[in-house]
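K.L.:
Please read through the structure below; I'll follow up with questions.
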Amino acid sequence: MRFSRRTNWNLAENDFARAVREARASGVEVLDLTVSNPTACGFAYDSAALLGTLSDARALVYEPEALGIVRAREAVGGYYRDHGAEVGVERVCLTTSTSEAYSFLFRLLCDPGDEVLIARPSYPLFEFLAELDDVRLVEYPLLYDAGWHVDFYALEAAVTAKTKAVVVVHPNNPTGNFAAEKERAALQEFCARRGLALIVDEVFLDYALKGVEARSFAAEKCEALTFVLSGLSKVCGLPQMKVSWIVAAGPGVGEAMERLEVISDTFLSVNAPMQFALPQWLAGRGAMQAEIRERVRGNLAVLDARLVGTQGSRLAMDAGWAAVVRVPRRGGFVEAAMERGVVVQPGEFYGLAEGRIVLSLLTPVEVWAKGVELLPVE
């Protein structure tokens with residue numbers, strides 16, 4: 001059987017995954033500080049309220065709406081109204097996931113072999129999405145100096161005749177930095193001047209640390225064609241419910257939405273029960289978000305206290321569910337932690353420099369306290 005080159009990945013188990021599997025199989029206690037699935041972290045879901053909304057009888061009638069039913073898109077507009085942005089239903093496209101949203105946008109904007117600029121460090125999933133859509137990712141660096149910043153000199157240098165878009169994750173994962181006000185304006189100016197689209201992933205927007213402003217790009221004046229992505233996975237802590245969205249703005253938005261409608265109509269992937277439930281789920285997001293924010297704040301406090309007087313230090317962050325920790329480089333830190341029964345993610349998975357690890361701040365508090373105490377940061 002001959003398969004496509006785009007799926008010619010190395011599917012062998014890597015050393016990290018093998019070590020974790022063997023540790024769990026050995027029967028010893030494993031303290032996993034990397035779990036980022038909210039449904040596996042002990043949060044209190046109101047099952048009756050969440051599942052009861054799926055019984056709406058209107059979902060029994062098949063009425064395909066390529067961009068999503070109006071009621072569901074209005075609920076997305078309400079979500080952005082709470083963030084100080086006015087978003088009309090004609091500028092909203094529902095998708096099953098942000099991954100699908102990226103795929104729709106890559107197909108909208110790029111021909112095979114075209115390029116999209118993306119920050120490093122960032123989440124590694126983008127590489128697979130780009131390969132599946134025959135798009136080439138070109139990285140531009142985020143620099144760290146008491147906080148994360150876009151390297152605009154490198155961003156300018158990365159543009160070629162094949163560049164079609166810039167991806168910004170706001171706040172970034174795993175670094176947790178928002179694009180500052182001046183950076184947002186500079187990104188809009190840069191994309192407008194270069195004739196590029198701006199794709200902004202805001203899935204963690206609602207999880208800013210106390211005292212940090214969380215401003216959506218949807219609330220900005222868009223000089224460039226801009227697409228803002230988010231969804232239930234993070235907004236409501238419901239990754240299994242598979243509803244996300246694209247909000248479009250800026251020059252050329254009318255034609256962009258017409259073309260997106262055709263792409264979406266080709267797949268019609270968002271099912272009716274989820275769309276009818278979306279308004280209730282979004283309206284009830286506050287309780288879960290509060291519980292997650294409390295977990296994040298508490299776990300950060302425990303981590304910061306543990307690092308005092310050690311060779312480890314936490315890098316600055318504005319928002320999100322992950323913490324990046326600078327650790328001693330000698331002797332293989334991840335392996336040393338594993339020997340103590342503690343699972344941490346190597347920063348290299350995200351393009352971070354050597355001597356960095358990534359921890360999930362969603363970790364249940366009992367596991368977190370024990371695992372953080374055992375980190376070999378002395």
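So you can find residues: chains in the structure tokens are A, B, ... in the order shown, residues in each start at 1, and ligands are numbered from 1 in order.
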Determine, counting only C-alpha atoms, which protein, DNA and RNA residues have an atom within 8 Å of an atom of region 96-99 of chain A; residues of the same chain fewer than 5 positions away are not included. Present the result as a tab-separated table (two decimals) with C-alpha atoms, in the first residue's frame.

P.N.:
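And here's part-v9.tsv as it stands now:
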```tsv
chain	number	residue	atom	x	y	z
A	129	LEU	CA	-2.18	20.45	10.90
A	229	LEU	CA	-10.39	31.28	17.12
A	230	SER	CA	-11.79	29.80	20.33
A	231	GLY	CA	-14.12	27.07	21.56
A	242	LYS	CA	-16.54	19.55	20.11
A	243	VAL	CA	-17.77	23.03	19.27
A	244	SER	CA	-15.40	25.84	18.32
A	245	TRP	CA	-15.62	28.92	16.15
A	269	SER	CA	-19.25	18.86	10.63
A	270	VAL	CA	-20.93	20.50	13.64
```

K.L.:
Hey, which bits of region 142-254 of chain A sit within 12 Å of region 34-55 of chain A, and for each residue what's the closest pair of atoms and how far apart in Å (one decimal), counting only C-alpha atoms, rows by chain and increasing number, as a tab-separated table?

P.N.:
```
residue	atom	partner	partner_atom	distance
A:Asn173	CA	A:Ser36	CA	11.7
A:Pro174	CA	A:Ser36	CA	11.2
A:Leu232	CA	A:Pro38	CA	11.6
A:Ser233	CA	A:Pro38	CA	8.7
A:Lys234	CA	A:Pro38	CA	8.5
A:Val235	CA	A:Pro38	CA	11.1
A:Cys236	CA	A:Pro38	CA	9.6
A:Gly237	CA	A:Pro38	CA	5.9
A:Leu238	CA	A:Thr39	CA	7.3
A:Pro239	CA	A:Asn37	CA	7.7
A:Gln240	CA	A:Thr39	CA	8.6
A:Met241	CA	A:Leu50	CA	10.0
```

K.L.:
Compile the contact shell of His83 (chain A) as number ranges by chain: residues with an atom at most 8 Å away, counting only C-alpha atoms, same-chain residues fewer than 4 positions apart removed.

P.N.:
A: 79, 215-216, 219

K.L.:
List every residue of region 78-267 of chain A that DSSP, applied to the backbone of this structure, assigns to helix (DSSP H, G or I), and report them as JSON, numbers by chain.

P.N.:
{"A": [78, 79, 80, 81, 89, 90, 91, 98, 99, 100, 101, 102, 103, 104, 105, 106, 107, 108, 109, 125, 126, 127, 128, 129, 130, 131, 132, 152, 153, 154, 155, 156, 157, 158, 181, 182, 183, 184, 185, 186, 187, 188, 189, 190, 191, 192, 193, 194, 217, 218, 219, 232, 233, 234, 235, 239, 240, 241, 253, 254, 255, 256, 257, 258, 259, 260, 261, 262, 263, 264, 265, 266, 267]}

K.L.:
Between A:Arg329, A:Arg120, A:Arg6, A:Arg293, single out the one closest to Leu143 (chain A), counting only C-alpha atoms.

P.N.:
A:Arg120

K.L.:
Going by DSSP on the backbone, which bits of region 306-342 of chain A are strand (DSSP E or B)? Write them as a PyMOL selection string, please.

P.N.:
chain A and resi 313-314+319+322-326+342

K.L.:
Mind writing the picked residues with N, CA, C and O atoms as a short mmCIF file (atom, residue, chain, number, x, y, z; two decimals), in the first residue's frame?

P.N.:
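And here is the file that came out, out_10.cif:
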```
data_model
loop_
_atom_site.label_atom_id
_atom_site.label_comp_id
_atom_site.auth_asym_id
_atom_site.auth_seq_id
_atom_site.Cartn_x
_atom_site.Cartn_y
_atom_site.Cartn_z
N SER A 313 13.35 28.15 38.88
CA SER A 313 12.58 29.40 38.90
C SER A 313 11.49 29.32 37.84
O SER A 313 11.66 28.69 36.79
N ARG A 314 10.36 29.95 38.14
CA ARG A 314 9.25 29.95 37.19
C ARG A 314 9.34 31.17 36.28
O ARG A 314 9.56 32.29 36.74
N ALA A 319 -1.35 34.20 31.75
CA ALA A 319 -2.61 33.46 31.69
C ALA A 319 -2.34 32.02 31.30
O ALA A 319 -1.20 31.64 31.00
N ALA A 322 -0.65 26.38 31.95
CA ALA A 322 0.68 25.77 32.00
C ALA A 322 1.68 26.70 32.69
O ALA A 322 1.55 27.93 32.63
N ALA A 323 2.68 26.10 33.32
CA ALA A 323 3.78 26.85 33.90
C ALA A 323 5.08 26.35 33.29
O ALA A 323 5.29 25.15 33.17
N VAL A 324 5.93 27.29 32.89
CA VAL A 324 7.26 26.96 32.37
C VAL A 324 8.26 27.23 33.49
O VAL A 324 8.30 28.32 34.06
N VAL A 325 9.06 26.21 33.81
CA VAL A 325 10.00 26.30 34.92
C VAL A 325 11.42 26.12 34.40
O VAL A 325 11.70 25.17 33.65
N ARG A 326 12.29 27.03 34.78
CA ARG A 326 13.71 26.90 34.50
C ARG A 326 14.31 25.99 35.56
O ARG A 326 14.15 26.23 36.76
N VAL A 342 7.89 11.30 39.39
CA VAL A 342 7.21 12.53 38.99
C VAL A 342 7.35 12.71 37.48
O VAL A 342 8.46 12.67 36.94
#
```

K.L.:
Quick one: residues within 9 Å of Lys221 (chain A), only C-alpha atoms counted, chain neighbours fewer than 4 positions away excluded, as a list in words?

P.N.:
Ala185, Gln188, Phe217, Ala249 and Gly250 of chain A

K.L.:
Now that the selection is made, can you save its residues with C-alpha atoms as a CSV table (one decimal), in the first residue's frame?

P.N.:
```csv
chain,number,residue,atom,x,y,z
A,185,ALA,CA,-1.1,47.2,17.1
A,188,GLN,CA,-2.0,44.5,12.7
A,217,PHE,CA,-8.3,40.8,19.2
A,249,ALA,CA,-12.9,40.9,10.9
A,250,GLY,CA,-11.1,43.5,8.9
```

K.L.:
When you count only C-alpha atoms, which of these residues is closest to Arg193 (chain A): A:Pro251, A:Ala224, A:Arg81, A:Asn177?

P.N.:
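For Arg193 (chain A), the nearest of the given residues is A:Ala224.
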
K.L.:
Taking only C-alpha atoms into account, produce a table as CSV in which each residue of region 133-198 of chain A with an atom at most 10 Å from an atom of region 109-117 of chain A appears once, together with its shortest atom pair and the distance in Å to one decimal, ordered by chain and rising number.

P.N.:
```
residue,atom,partner,partner_atom,distance
A:Asp133,CA,A:Pro112,CA,7.4
A:Asp134,CA,A:Pro112,CA,5.0
A:Val135,CA,A:Gly113,CA,5.3
A:Arg136,CA,A:Glu115,CA,4.7
A:Leu137,CA,A:Val116,CA,5.1
A:Val138,CA,A:Leu117,CA,4.8
A:Glu139,CA,A:Leu117,CA,5.6
A:Tyr140,CA,A:Leu117,CA,6.6
A:Leu155,CA,A:Leu117,CA,7.9
A:Ala158,CA,A:Leu117,CA,7.5
A:Val159,CA,A:Leu117,CA,7.9
A:Thr160,CA,A:Glu115,CA,8.2
A:Ala161,CA,A:Asp114,CA,8.7
A:Lys162,CA,A:Asp114,CA,4.9
A:Thr163,CA,A:Glu115,CA,4.5
A:Lys164,CA,A:Val116,CA,5.8
A:Ala165,CA,A:Val116,CA,5.0
A:Val166,CA,A:Leu117,CA,4.7
A:Val167,CA,A:Leu117,CA,6.0
A:Val168,CA,A:Leu117,CA,8.8
A:Leu196,CA,A:Leu109,CA,9.3
A:Ala197,CA,A:Leu109,CA,7.9
A:Leu198,CA,A:Leu117,CA,9.7
```
